[in-house]
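Structure file work-v7.tsv; described as TSV, C-alpha atoms.
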chain	number	residue	atom	x	y	z
A	6	MET	CA	16.36	-19.76	-10.73
A	7	LEU	CA	13.75	-17.01	-10.97
A	8	ARG	CA	13.41	-17.39	-14.72
A	9	GLU	CA	13.20	-21.20	-14.51
A	10	GLU	CA	10.38	-20.95	-11.98
A	11	LEU	CA	8.39	-18.47	-14.05
A	12	ARG	CA	8.77	-19.97	-17.50
A	13	LYS	CA	5.49	-20.07	-19.46
A	14	GLY	CA	6.59	-22.46	-22.16
A	15	ASP	CA	6.61	-20.22	-25.26
A	16	GLY	CA	9.56	-17.92	-24.75
A	17	ALA	CA	7.78	-15.98	-22.01
A	18	TRP	CA	8.99	-15.10	-18.51
A	19	GLU	CA	7.20	-13.11	-15.82
A	20	MET	CA	8.55	-10.59	-13.37
A	21	ASN	CA	8.03	-11.73	-9.78
A	22	TRP	CA	6.22	-8.94	-7.91
A	23	GLU	CA	7.41	-10.08	-4.49
A	24	ASP	CA	11.02	-9.64	-5.65
A	25	MET	CA	10.38	-5.97	-6.48
A	26	ARG	CA	9.82	-4.96	-2.85
A	27	GLY	CA	12.61	-2.61	-1.79
A	28	VAL	CA	14.37	-2.83	-5.16
A	29	GLY	CA	13.90	0.78	-6.26
A	30	HIS	CA	12.00	2.35	-9.10
A	31	LEU	CA	13.50	0.39	-12.01
A	32	THR	CA	13.05	-3.30	-12.76
A	33	PRO	CA	16.48	-4.97	-12.83
A	34	THR	CA	17.14	-6.32	-16.30
A	35	GLU	CA	17.53	-9.87	-15.00
A	36	HIS	CA	14.01	-9.67	-13.52
A	37	PHE	CA	12.40	-7.93	-16.50
A	38	PHE	CA	9.71	-9.96	-18.27
A	39	VAL	CA	10.47	-11.50	-21.66
A	40	HIS	CA	8.11	-12.48	-24.46
A	41	SER	CA	9.38	-13.92	-27.72
A	42	HIS	CA	6.94	-15.23	-30.33
A	43	THR	CA	9.55	-17.20	-32.28
A	44	GLY	CA	12.84	-17.22	-30.40
A	45	VAL	CA	15.81	-14.93	-29.98
A	46	PRO	CA	17.89	-14.35	-33.14
A	47	GLU	CA	21.69	-14.20	-33.11
A	48	ILE	CA	22.71	-10.90	-34.69
A	49	ASP	CA	26.21	-9.71	-35.56
A	50	VAL	CA	26.23	-6.04	-34.62
A	51	ASP	CA	29.17	-5.35	-36.97
A	52	SER	CA	27.10	-6.31	-40.01
A	53	TRP	CA	23.70	-5.17	-38.68
A	54	THR	CA	21.92	-2.30	-40.41
A	55	LEU	CA	18.58	-0.51	-40.19
A	56	THR	CA	17.02	0.41	-43.54
A	57	LEU	CA	14.18	2.89	-44.03
A	58	HIS	CA	12.31	2.62	-47.33
A	59	GLY	CA	8.96	3.34	-48.97
A	60	ASP	CA	7.03	6.06	-50.74
A	61	GLY	CA	6.84	8.05	-47.50
A	62	LEU	CA	10.46	9.10	-48.03
A	63	ARG	CA	11.57	11.83	-50.39
A	64	GLY	CA	14.24	9.69	-52.01
A	65	ASP	CA	15.85	6.26	-52.11
A	66	PRO	CA	16.10	3.89	-49.12
A	67	VAL	CA	18.40	5.08	-46.36
A	68	THR	CA	20.54	2.70	-44.27
A	69	PHE	CA	22.00	3.29	-40.81
A	70	ASP	CA	24.63	1.11	-39.18
A	71	TYR	CA	25.07	0.72	-35.42
A	72	PRO	CA	27.86	3.31	-34.95
A	73	THR	CA	25.93	5.90	-36.97
A	74	LEU	CA	22.85	5.54	-34.76
A	75	ARG	CA	24.96	5.69	-31.60
A	76	GLU	CA	26.52	8.97	-32.80
A	77	MET	CA	23.11	10.65	-33.23
A	78	PRO	CA	21.60	12.81	-30.46
A	79	SER	CA	20.23	10.55	-27.74
A	80	ARG	CA	17.73	10.62	-24.88
A	81	THR	CA	17.15	8.46	-21.81
A	82	VAL	CA	13.51	7.87	-20.94
A	83	THR	CA	12.06	5.95	-18.00
A	84	ALA	CA	9.07	4.01	-19.29
A	85	PHE	CA	7.09	0.88	-18.62
A	86	LEU	CA	6.87	-1.92	-21.15
A	87	GLU	CA	3.84	-4.18	-20.80
A	88	CYS	CA	2.41	-7.06	-22.78
A	89	ALA	CA	-1.17	-6.51	-23.99
A	90	GLY	CA	-2.05	-9.82	-22.31
A	91	ASN	CA	-0.72	-8.88	-18.88
A	92	GLY	CA	-3.26	-10.10	-16.31
A	93	ARG	CA	-4.84	-12.53	-18.79
A	94	THR	CA	-5.30	-15.32	-16.21
A	95	LEU	CA	-7.45	-12.97	-14.12
A	96	TYR	CA	-10.27	-13.23	-16.66
A	97	THR	CA	-10.55	-16.86	-15.60
A	98	SER	CA	-9.64	-16.70	-11.90
A	99	GLN	CA	-11.74	-13.61	-11.10
A	100	GLN	CA	-14.45	-13.61	-13.77
A	101	ASN	CA	-14.72	-17.31	-14.70
A	102	GLN	CA	-14.16	-16.53	-18.39
A	103	ARG	CA	-12.16	-18.63	-20.82
A	104	VAL	CA	-9.48	-16.81	-22.82
A	105	SER	CA	-6.61	-17.84	-25.11
A	106	GLY	CA	-2.97	-16.81	-25.18
A	107	THR	CA	0.09	-16.88	-22.93
A	108	PRO	CA	-1.20	-17.40	-19.35
A	109	TRP	CA	0.26	-14.26	-17.83
A	110	GLY	CA	-0.35	-13.38	-14.22
A	111	LEU	CA	0.40	-9.71	-13.56
A	112	GLY	CA	4.15	-9.88	-14.17
A	113	ALA	CA	4.32	-9.11	-17.90
A	114	ILE	CA	5.35	-5.55	-17.03
A	115	GLY	CA	8.59	-3.78	-16.22
A	116	VAL	CA	10.04	-0.29	-15.99
A	117	ALA	CA	13.50	0.53	-17.34
A	118	GLU	CA	15.64	3.46	-18.36
A	119	TRP	CA	15.81	3.26	-22.16
A	120	THR	CA	18.54	5.12	-24.04
A	121	GLY	CA	18.42	5.77	-27.75
A	122	THR	CA	17.79	8.33	-30.43
A	123	PRO	CA	14.29	9.66	-31.07
A	124	LEU	CA	12.67	7.94	-34.04
A	125	SER	CA	11.66	11.41	-35.22
A	126	LEU	CA	15.34	12.27	-35.82
A	127	VAL	CA	15.93	9.04	-37.75
A	128	LEU	CA	12.89	9.73	-39.92
A	129	GLU	CA	13.93	13.31	-40.57
A	130	ARG	CA	17.44	12.24	-41.56
A	131	ALA	CA	15.95	9.61	-43.89
A	132	GLY	CA	13.85	12.27	-45.64
A	133	LEU	CA	10.33	11.88	-44.24
A	134	ARG	CA	7.68	13.33	-46.51
A	135	ASP	CA	5.04	15.66	-45.10
A	136	ASP	CA	2.24	13.38	-46.32
A	137	ALA	CA	3.62	10.16	-44.75
A	138	VAL	CA	1.02	8.57	-42.44
A	139	ASP	CA	2.21	5.11	-41.39
A	140	LEU	CA	5.37	3.17	-40.58
A	141	LEU	CA	5.87	-0.59	-40.58
A	142	PRO	CA	8.84	-1.49	-38.34
A	143	ARG	CA	9.96	-5.12	-38.80
A	144	GLY	CA	12.14	-7.32	-36.63
A	145	LEU	CA	14.90	-9.75	-37.58
A	146	ASP	CA	13.44	-12.65	-35.58
A	147	PRO	CA	12.34	-15.85	-37.39
A	148	ALA	CA	8.96	-15.96	-39.13
A	149	TYR	CA	5.94	-16.60	-36.90
A	150	VAL	CA	4.03	-19.75	-37.84
A	151	GLU	CA	0.70	-20.69	-36.24
A	152	ALA	CA	-1.60	-23.55	-37.27
A	153	GLY	CA	0.41	-24.01	-40.45
A	154	VAL	CA	0.13	-20.34	-41.47
A	155	ASP	CA	3.39	-18.44	-42.00
A	156	TYR	CA	2.78	-14.85	-40.93
A	157	GLY	CA	6.33	-13.69	-41.63
A	158	ARG	CA	8.55	-11.69	-39.30
A	159	MET	CA	7.16	-9.54	-36.48
A	160	ARG	CA	5.96	-6.21	-37.80
A	161	ARG	CA	3.21	-3.83	-36.75
A	162	PRO	CA	2.06	-0.50	-38.18
A	163	LEU	CA	2.85	2.64	-36.21
A	164	PRO	CA	1.27	6.01	-37.03
A	165	VAL	CA	3.75	8.69	-38.02
A	166	ALA	CA	2.10	11.00	-35.47
A	167	LYS	CA	3.03	8.67	-32.60
A	168	ALA	CA	6.49	8.02	-34.03
A	169	MET	CA	7.26	11.73	-34.15
A	170	LYS	CA	5.93	12.30	-30.62
A	171	ASP	CA	7.87	10.05	-28.25
A	172	VAL	CA	9.14	6.79	-29.80
A	173	LEU	CA	12.79	5.86	-29.26
A	174	VAL	CA	15.22	3.76	-31.32
A	175	VAL	CA	16.92	2.12	-28.34
A	176	TRP	CA	20.33	0.52	-27.81
A	177	GLU	CA	20.62	0.60	-23.99
A	178	MET	CA	18.46	-0.68	-21.14
A	179	ASN	CA	19.22	0.37	-17.56
A	180	GLY	CA	22.58	1.81	-18.61
A	181	ALA	CA	23.88	-1.27	-20.44
A	182	PRO	CA	23.58	-2.56	-24.02
A	183	LEU	CA	20.35	-4.41	-24.74
A	184	THR	CA	20.50	-8.12	-24.01
A	185	PRO	CA	19.63	-10.50	-26.86
A	186	ALA	CA	16.33	-11.37	-25.16
A	187	HIS	CA	15.41	-7.69	-24.96
A	188	GLY	CA	16.16	-6.84	-28.57
A	189	PHE	CA	19.93	-6.45	-29.10
A	190	PRO	CA	21.28	-4.59	-30.93
A	191	ILE	CA	18.38	-2.17	-31.57
A	192	ARG	CA	14.70	-2.11	-30.68
A	193	LEU	CA	11.86	0.39	-30.55
A	194	ILE	CA	10.28	1.64	-27.36
A	195	VAL	CA	6.76	3.01	-27.88
A	196	PRO	CA	5.79	4.57	-24.52
A	197	ASP	CA	2.36	3.76	-23.04
A	198	TRP	CA	1.33	1.42	-25.87
A	199	VAL	CA	0.92	-2.34	-25.98
A	200	GLY	CA	4.30	-4.06	-25.83
A	201	VAL	CA	4.01	-5.61	-29.30
A	202	ALA	CA	4.43	-2.11	-30.78
A	203	SER	CA	7.98	-1.94	-29.37
A	204	ILE	CA	9.52	-4.12	-32.08
A	205	LYS	CA	12.70	-5.96	-31.01
A	206	TRP	CA	15.72	-6.78	-33.21
A	207	LEU	CA	14.75	-3.95	-35.54
A	208	GLY	CA	15.90	-4.46	-39.13
A	209	ASP	CA	13.88	-2.20	-41.40
A	210	ILE	CA	11.05	0.34	-41.40
A	211	GLU	CA	8.67	0.90	-44.28
A	212	VAL	CA	7.44	4.49	-44.49
A	213	SER	CA	4.17	4.99	-46.37
A	214	THR	CA	1.81	7.72	-47.54
A	215	SER	CA	-1.12	5.32	-47.11
A	216	PRO	CA	-2.25	3.13	-44.17
A	217	LEU	CA	-0.27	-0.06	-43.64
A	218	HIS	CA	-1.37	-3.41	-42.27
A	219	SER	CA	0.09	-6.61	-40.83
A	220	PRO	CA	-1.35	-9.65	-39.03
A	221	TRP	CA	-0.36	-7.96	-35.76
A	222	ASN	CA	-2.96	-5.25	-36.24
A	223	THR	CA	-5.58	-7.22	-38.21
A	224	ASP	CA	-5.61	-10.85	-36.98
A	225	PHE	CA	-3.95	-10.24	-33.60
A	226	TYR	CA	-3.97	-7.46	-30.99
A	227	ARG	CA	-7.58	-6.47	-31.49
A	228	LEU	CA	-10.48	-7.23	-29.16
A	229	PHE	CA	-12.66	-10.11	-30.37
A	230	GLY	CA	-15.77	-11.70	-28.91
A	231	LEU	CA	-19.30	-10.83	-27.90
A	232	GLY	CA	-19.95	-7.12	-28.36
A	233	PHE	CA	-17.23	-6.60	-30.97
A	234	PRO	CA	-17.62	-6.63	-34.78
A	235	PRO	CA	-16.44	-9.75	-36.68
A	236	GLU	CA	-13.19	-8.01	-37.61
A	237	GLY	CA	-12.61	-7.06	-33.98
A	238	SER	CA	-12.03	-3.69	-32.38
A	239	ALA	CA	-9.62	-1.10	-33.65
A	240	PRO	CA	-5.96	-2.15	-33.24
A	241	LEU	CA	-4.85	-1.94	-29.62
A	242	THR	CA	-2.76	1.02	-28.55
A	243	THR	CA	-2.77	2.52	-25.03
A	244	MET	CA	-2.47	0.30	-21.96
A	245	PRO	CA	-5.07	0.71	-19.17
A	246	VAL	CA	-4.48	1.66	-15.54
A	247	LYS	CA	-3.40	-1.19	-13.23
A	248	SER	CA	-2.09	-1.82	-9.70
A	249	ALA	CA	-0.13	-4.63	-8.07
A	250	PHE	CA	1.02	-5.52	-4.56
A	251	GLU	CA	4.66	-6.41	-3.94
A	252	LEU	CA	3.47	-9.45	-2.03
A	253	ALA	CA	3.17	-13.13	-2.86
A	254	PRO	CA	-0.40	-14.38	-3.44
A	255	GLY	CA	-1.40	-16.39	-0.40
A	256	ALA	CA	1.13	-14.63	1.84
A	257	ARG	CA	0.71	-15.17	5.58
A	258	LEU	CA	0.71	-12.03	7.74
A	259	PRO	CA	0.64	-11.90	11.56
A	260	ARG	CA	-2.48	-10.69	13.37
A	261	GLY	CA	-1.97	-7.65	15.59
A	262	GLU	CA	1.36	-6.60	14.09
A	263	GLU	CA	1.71	-3.64	11.77
A	264	VAL	CA	2.84	-4.51	8.25
A	265	LEU	CA	3.76	-2.10	5.47
A	266	LEU	CA	1.95	-3.05	2.29
A	267	THR	CA	3.75	-1.81	-0.82
A	268	GLY	CA	3.01	-1.85	-4.52
A	269	ARG	CA	3.02	0.00	-7.81
A	270	SER	CA	0.41	1.48	-10.15
A	271	TRP	CA	0.70	2.64	-13.75
A	272	SER	CA	-1.35	3.82	-16.72
A	273	GLY	CA	-0.81	4.46	-20.41
A	274	ASN	CA	-3.08	7.50	-20.08
A	275	GLY	CA	-0.67	9.48	-17.89
A	276	ALA	CA	0.81	9.70	-14.42
A	277	ILE	CA	-0.89	8.20	-11.37
A	278	ARG	CA	-2.85	10.74	-9.29
A	279	SER	CA	-3.92	8.58	-6.34
A	280	VAL	CA	-4.14	4.99	-5.06
A	281	GLU	CA	-6.66	3.52	-2.62
A	282	ILE	CA	-6.37	0.26	-0.67
A	283	SER	CA	-9.06	-2.09	0.59
A	284	THR	CA	-8.25	-4.73	3.20
A	285	ASP	CA	-11.82	-6.08	3.41
A	286	ASN	CA	-12.54	-7.31	-0.14
A	287	GLY	CA	-13.69	-3.93	-1.41
A	288	GLN	CA	-16.11	-2.91	1.34
A	289	GLY	CA	-14.01	0.11	2.35
A	290	TRP	CA	-11.19	2.09	0.73
A	291	THR	CA	-8.38	4.17	2.28
A	292	PRO	CA	-5.79	6.33	0.46
A	293	ALA	CA	-2.28	4.93	0.14
A	294	HIS	CA	0.84	7.11	0.35
A	295	LEU	CA	2.54	7.67	-3.01
A	296	VAL	CA	6.34	7.58	-2.91
A	297	GLY	CA	8.95	8.34	-5.57
A	298	PRO	CA	8.36	9.75	-9.06
A	299	ARG	CA	4.85	10.63	-10.23
A	300	LEU	CA	5.50	10.87	-13.95
A	301	PRO	CA	3.92	9.74	-17.21
A	302	HIS	CA	5.24	6.60	-18.96
A	303	THR	CA	6.23	4.95	-15.66
A	304	TRP	CA	4.69	3.51	-12.54
A	305	SER	CA	4.18	5.15	-9.15
A	306	GLN	CA	5.18	3.32	-5.98
A	307	TRP	CA	2.96	3.42	-2.91
A	308	GLN	CA	2.87	2.32	0.74
A	309	PHE	CA	0.07	1.46	3.13
A	310	PRO	CA	0.61	0.61	6.82
A	311	TRP	CA	-1.90	-1.96	8.11
A	312	ARG	CA	-2.47	-3.85	11.36
A	313	PRO	CA	-4.64	-6.95	10.75
A	314	THR	CA	-7.05	-7.70	13.60
A	315	THR	CA	-8.81	-10.93	12.56
A	316	ARG	CA	-7.31	-14.32	11.78
A	317	GLY	CA	-8.22	-16.22	8.64
A	318	PRO	CA	-8.35	-15.60	4.90
A	319	ALA	CA	-8.50	-12.01	3.66
A	320	THR	CA	-8.46	-10.18	0.34
A	321	LEU	CA	-6.39	-7.10	-0.41
A	322	MET	CA	-7.27	-4.76	-3.26
A	323	ALA	CA	-5.60	-1.68	-4.75
A	324	ARG	CA	-7.12	0.72	-7.24
A	325	ALA	CA	-5.41	3.67	-8.89
A	326	THR	CA	-6.67	6.81	-10.59
A	327	ASP	CA	-4.55	8.47	-13.25
A	328	THR	CA	-4.29	12.15	-14.10
A	329	THR	CA	-6.98	11.84	-16.78
A	330	GLY	CA	-9.46	10.72	-14.10
A	331	VAL	CA	-9.61	7.05	-15.11
A	332	THR	CA	-9.95	4.69	-12.12
A	333	GLU	CA	-9.52	0.94	-12.17
A	334	PRO	CA	-12.98	-0.67	-12.31
A	335	LEU	CA	-13.92	-3.73	-10.25
A	336	GLY	CA	-14.06	-5.89	-13.40
A	337	SER	CA	-12.62	-5.96	-16.91
A	338	PRO	CA	-14.75	-6.11	-20.10
A	339	TYR	CA	-14.39	-9.54	-21.68
A	340	ASN	CA	-12.60	-10.32	-24.91
A	341	ASN	CA	-11.73	-13.86	-25.97
A	342	LYS	CA	-7.98	-13.25	-26.30
A	343	GLY	CA	-7.71	-11.83	-22.79
A	344	TYR	CA	-6.14	-8.52	-23.76
A	345	LEU	CA	-6.08	-5.30	-21.73
A	346	TRP	CA	-7.07	-6.59	-18.29
A	347	SER	CA	-8.17	-3.46	-16.44
A	348	GLY	CA	-10.00	-4.66	-13.32
A	349	VAL	CA	-8.94	-4.38	-9.68
A	350	VAL	CA	-6.94	-7.46	-8.68
A	351	ARG	CA	-8.16	-9.41	-5.67
A	352	HIS	CA	-5.02	-10.43	-3.78
A	353	PRO	CA	-5.60	-13.36	-1.37
A	354	ILE	CA	-3.69	-13.58	1.91
A	355	THR	CA	-4.05	-15.34	5.26
A	356	ILE	CA	-3.87	-13.64	8.67
A	357	THR	CA	-2.29	-15.95	11.27

Translate this file's structure into structure tokens.
Amino acid sequence: MLREELRKGDGAWEMNWEDMRGVGHLTPTEHFFVHSHTGVPEIDVDSWTLTLHGDGLRGDPVTFDYPTLREMPSRTVTAFLECAGNGRTLYTSQQNQRVSGTPWGLGAIGVAEWTGTPLSLVLERAGLRDDAVDLLPRGLDPAYVEAGVDYGRMRRPLPVAKAMKDVLVVWEMNGAPLTPAHGFPIRLIVPDWVGVASIKWLGDIEVSTSPLHSPWNTDFYRLFGLGFPPEGSAPLTTMPVKSAFELAPGARLPRGEEVLLTGRSWSGNGAIRSVEISTDNGQGWTPAHLVGPRLPHTWSQWQFPWRPTTRGPATLMARATDTTGVTEPLGSPYNNKGYLWSGVVRHPITIT
């Protein structure tokens, strides 16, 4: 039912923030957002392989099957996965700006425990050269076609430096094998970066001693529009700091009774240091109480007790500051594809 209600029409499903209240730190897999550009492929794990190839290796292509990867040293990492367009509709609803792309609210985000082997170990076993600079992971999903142009299968360059730092080749999500919609049998998880970097249904990785390119870092997933060069910004990487209430937009709260406002904040820059809440449309701000883990790669949960005193419409706001000192601004710089929303969200409610 949840997924049917939140369908966007192009293989995209949002997490419902209200359903996360009281759930715990992780997003249940059945509530985790899904975005598929071309559909979910059917893959036979018994015949599936991952091949690494290119002049960034010391020798011939190297192929791994599923059991071989599963036998390699593994790690479990708690990390958020977020679409670059998360919050896209807010450019229109809060800033009256027209943007293109999947009309995400703020639910194209989720946190899971991801289990897999570090990509660094896979690269080392494949014979990574010291002068390799770029990878090009590619999925096994169907080719992406837009306006009659065939862009081929999903693939996006990944710097070797990032790959060796913290990227995982993942086979489990929240303690169970990946579902088909989430990339079964194998996907990448690239912590803190735009979700498109975490290639699903991984099939091969080109390893190169020179920079690599694909439509997903030249034509797409750059910032375009006024103030940017014709070719757009640099390819998108780190996700900005954001906050969300675990409360339905338009919720009705009783006057004179204490309510516990809850929510979550996260940042690709690092852990969350503090969260402030405004119950008067940004005129005043009060610290919220952080609860649970305060770690990089994942969100921090928070609570704020509040007793409304005046009936009528009201606006709640939450703004977080991460450990690098970055605080959510009141607005988000415009780009015509609606990427990287970073402004404080105005959450409408009614006091009865």

TODO: List the neighbours of Phe250 of chain A out to 6 Å using only C-alpha atoms; skip same-chain residues closer than 2 positions along the sequence, and give me the result as a PyMOL selection string.
DONE: chain A and resi 252+267-268

Given the point (-4.1, -6.9, 11.6) in the file's coordinates, find the residues that have an atom at most 9 Å from it, counting only C-alpha atoms, and give them as a CSV table (one decimal) with C-alpha atoms, in the coordinates of the input.
chain,number,residue,atom,x,y,z
A,258,LEU,CA,0.7,-12.0,7.7
A,259,PRO,CA,0.6,-11.9,11.6
A,260,ARG,CA,-2.5,-10.7,13.4
A,261,GLY,CA,-2.0,-7.6,15.6
A,262,GLU,CA,1.4,-6.6,14.1
A,263,GLU,CA,1.7,-3.6,11.8
A,264,VAL,CA,2.8,-4.5,8.2
A,311,TRP,CA,-1.9,-2.0,8.1
A,312,ARG,CA,-2.5,-3.8,11.4
A,313,PRO,CA,-4.6,-7.0,10.8
A,314,THR,CA,-7.0,-7.7,13.6
A,315,THR,CA,-8.8,-10.9,12.6
A,316,ARG,CA,-7.3,-14.3,11.8
A,356,ILE,CA,-3.9,-13.6,8.7

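Among the candidate residues A:Arg324, A:Lys167, A:Arg299, A:Arg143, the one lying nearest to Val201 of chain A is A:Arg143, with distances computed using all atoms listed in the file.
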
Task: Residue nearest Arg257 of chain A - candidates A:Pro240, A:Pro318, A:Gly200, A:Gly188, atoms counted: only C-alpha atoms - done: A:Pro318

Task: Atomic separation - atom CA of Thr122 of chain A relative to atom CA of Trp206 of chain A, Å - done: 15.5 Å

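Neighbouring residues of segment 181-187 of chain A at 8 Å or closer, counting all atoms listed in the file and skipping chain neighbours under 6 positions away, are Val39, Ser41, Val45, Pro46, Glu47 and Lys205 of chain A.
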
Contact table segment 182-269 of chain A vs segment 79-100 of chain A, cut-off 10 Å, shortest pair per residue, all atoms listed in the file, as CSV:
residue,atom,partner,partner_atom,distance
A:Ile194,CA,A:Leu86,CA,7.9
A:Val195,CA,A:Leu86,CA,8.3
A:Pro196,CA,A:Ala84,CA,6.2
A:Asp197,CA,A:Phe85,CA,7.1
A:Trp198,CA,A:Glu87,CA,8.0
A:Val199,CA,A:Ala89,CA,5.1
A:Gly200,CA,A:Cys88,CA,4.7
A:Val201,CA,A:Cys88,CA,6.9
A:Ala202,CA,A:Cys88,CA,9.6
A:Ser203,CA,A:Leu86,CA,8.3
A:Tyr226,CA,A:Ala89,CA,7.6
A:Arg227,CA,A:Ala89,CA,9.9
A:Leu241,CA,A:Ala89,CA,8.1
A:Thr242,CA,A:Ala89,CA,8.9
A:Thr243,CA,A:Ala89,CA,9.2
A:Met244,CA,A:Ala89,CA,7.2
A:Pro245,CA,A:Ala89,CA,9.5
A:Lys247,CA,A:Gly92,CA,9.4

Should you be able to, write segment 183-200 of chain A of this structure into a file that contains N, CA and C atoms, as a JSON list (two decimals), in the first residue's frame.
[["chain", "number", "residue", "atom", "x", "y", "z"],
["A", 183, "LEU", "N", 20.42, -8.38, -0.98],
["A", 183, "LEU", "CA", 19.80, -7.27, -1.70],
["A", 183, "LEU", "C", 18.53, -7.73, -2.40],
["A", 184, "THR", "N", 17.51, -6.90, -2.41],
["A", 184, "THR", "CA", 16.33, -7.19, -3.23],
["A", 184, "THR", "C", 16.64, -6.81, -4.67],
["A", 185, "PRO", "N", 15.88, -7.34, -5.63],
["A", 185, "PRO", "CA", 16.10, -6.92, -7.03],
["A", 185, "PRO", "C", 16.03, -5.41, -7.21],
["A", 186, "ALA", "N", 15.06, -4.75, -6.56],
["A", 186, "ALA", "CA", 14.91, -3.30, -6.72],
["A", 186, "ALA", "C", 16.09, -2.53, -6.16],
["A", 187, "HIS", "N", 16.81, -3.13, -5.22],
["A", 187, "HIS", "CA", 17.94, -2.45, -4.59],
["A", 187, "HIS", "C", 19.29, -2.95, -5.11],
["A", 188, "GLY", "N", 19.29, -3.70, -6.21],
["A", 188, "GLY", "CA", 20.55, -3.99, -6.87],
["A", 188, "GLY", "C", 21.04, -5.41, -6.87],
["A", 189, "PHE", "N", 20.20, -6.38, -6.47],
["A", 189, "PHE", "CA", 20.62, -7.78, -6.44],
["A", 189, "PHE", "C", 21.22, -8.20, -7.79],
["A", 190, "PRO", "N", 22.33, -8.94, -7.78],
["A", 190, "PRO", "CA", 22.97, -9.55, -6.60],
["A", 190, "PRO", "C", 24.04, -8.67, -5.94],
["A", 191, "ILE", "N", 24.61, -7.70, -6.72],
["A", 191, "ILE", "CA", 25.72, -6.90, -6.21],
["A", 191, "ILE", "C", 25.53, -5.45, -6.64],
["A", 192, "ARG", "N", 25.81, -4.54, -5.75],
["A", 192, "ARG", "CA", 25.80, -3.12, -6.08],
["A", 192, "ARG", "C", 26.98, -2.44, -5.38],
["A", 193, "LEU", "N", 27.24, -1.20, -5.75],
["A", 193, "LEU", "CA", 28.18, -0.37, -5.02],
["A", 193, "LEU", "C", 27.43, 0.49, -4.01],
["A", 194, "ILE", "N", 28.08, 0.80, -2.91],
["A", 194, "ILE", "CA", 27.64, 1.84, -2.01],
["A", 194, "ILE", "C", 28.81, 2.82, -1.87],
["A", 195, "VAL", "N", 28.54, 4.07, -2.27],
["A", 195, "VAL", "CA", 29.55, 5.14, -2.23],
["A", 195, "VAL", "C", 29.11, 6.12, -1.15],
["A", 196, "PRO", "N", 29.60, 5.98, 0.08],
["A", 196, "PRO", "CA", 29.09, 6.79, 1.19],
["A", 196, "PRO", "C", 29.20, 8.29, 0.94],
["A", 197, "ASP", "N", 28.14, 9.01, 1.32],
["A", 197, "ASP", "CA", 28.09, 10.48, 1.33],
["A", 197, "ASP", "C", 27.88, 11.11, -0.04],
["A", 198, "TRP", "N", 28.02, 10.35, -1.11],
["A", 198, "TRP", "CA", 27.91, 10.91, -2.45],
["A", 198, "TRP", "C", 26.49, 10.76, -3.00],
["A", 199, "VAL", "N", 26.23, 11.46, -4.09],
["A", 199, "VAL", "CA", 24.95, 11.36, -4.77],
["A", 199, "VAL", "C", 24.65, 9.89, -5.09],
["A", 200, "GLY", "N", 23.37, 9.53, -4.96],
["A", 200, "GLY", "CA", 22.98, 8.13, -5.08],
["A", 200, "GLY", "C", 23.35, 7.49, -6.39]]
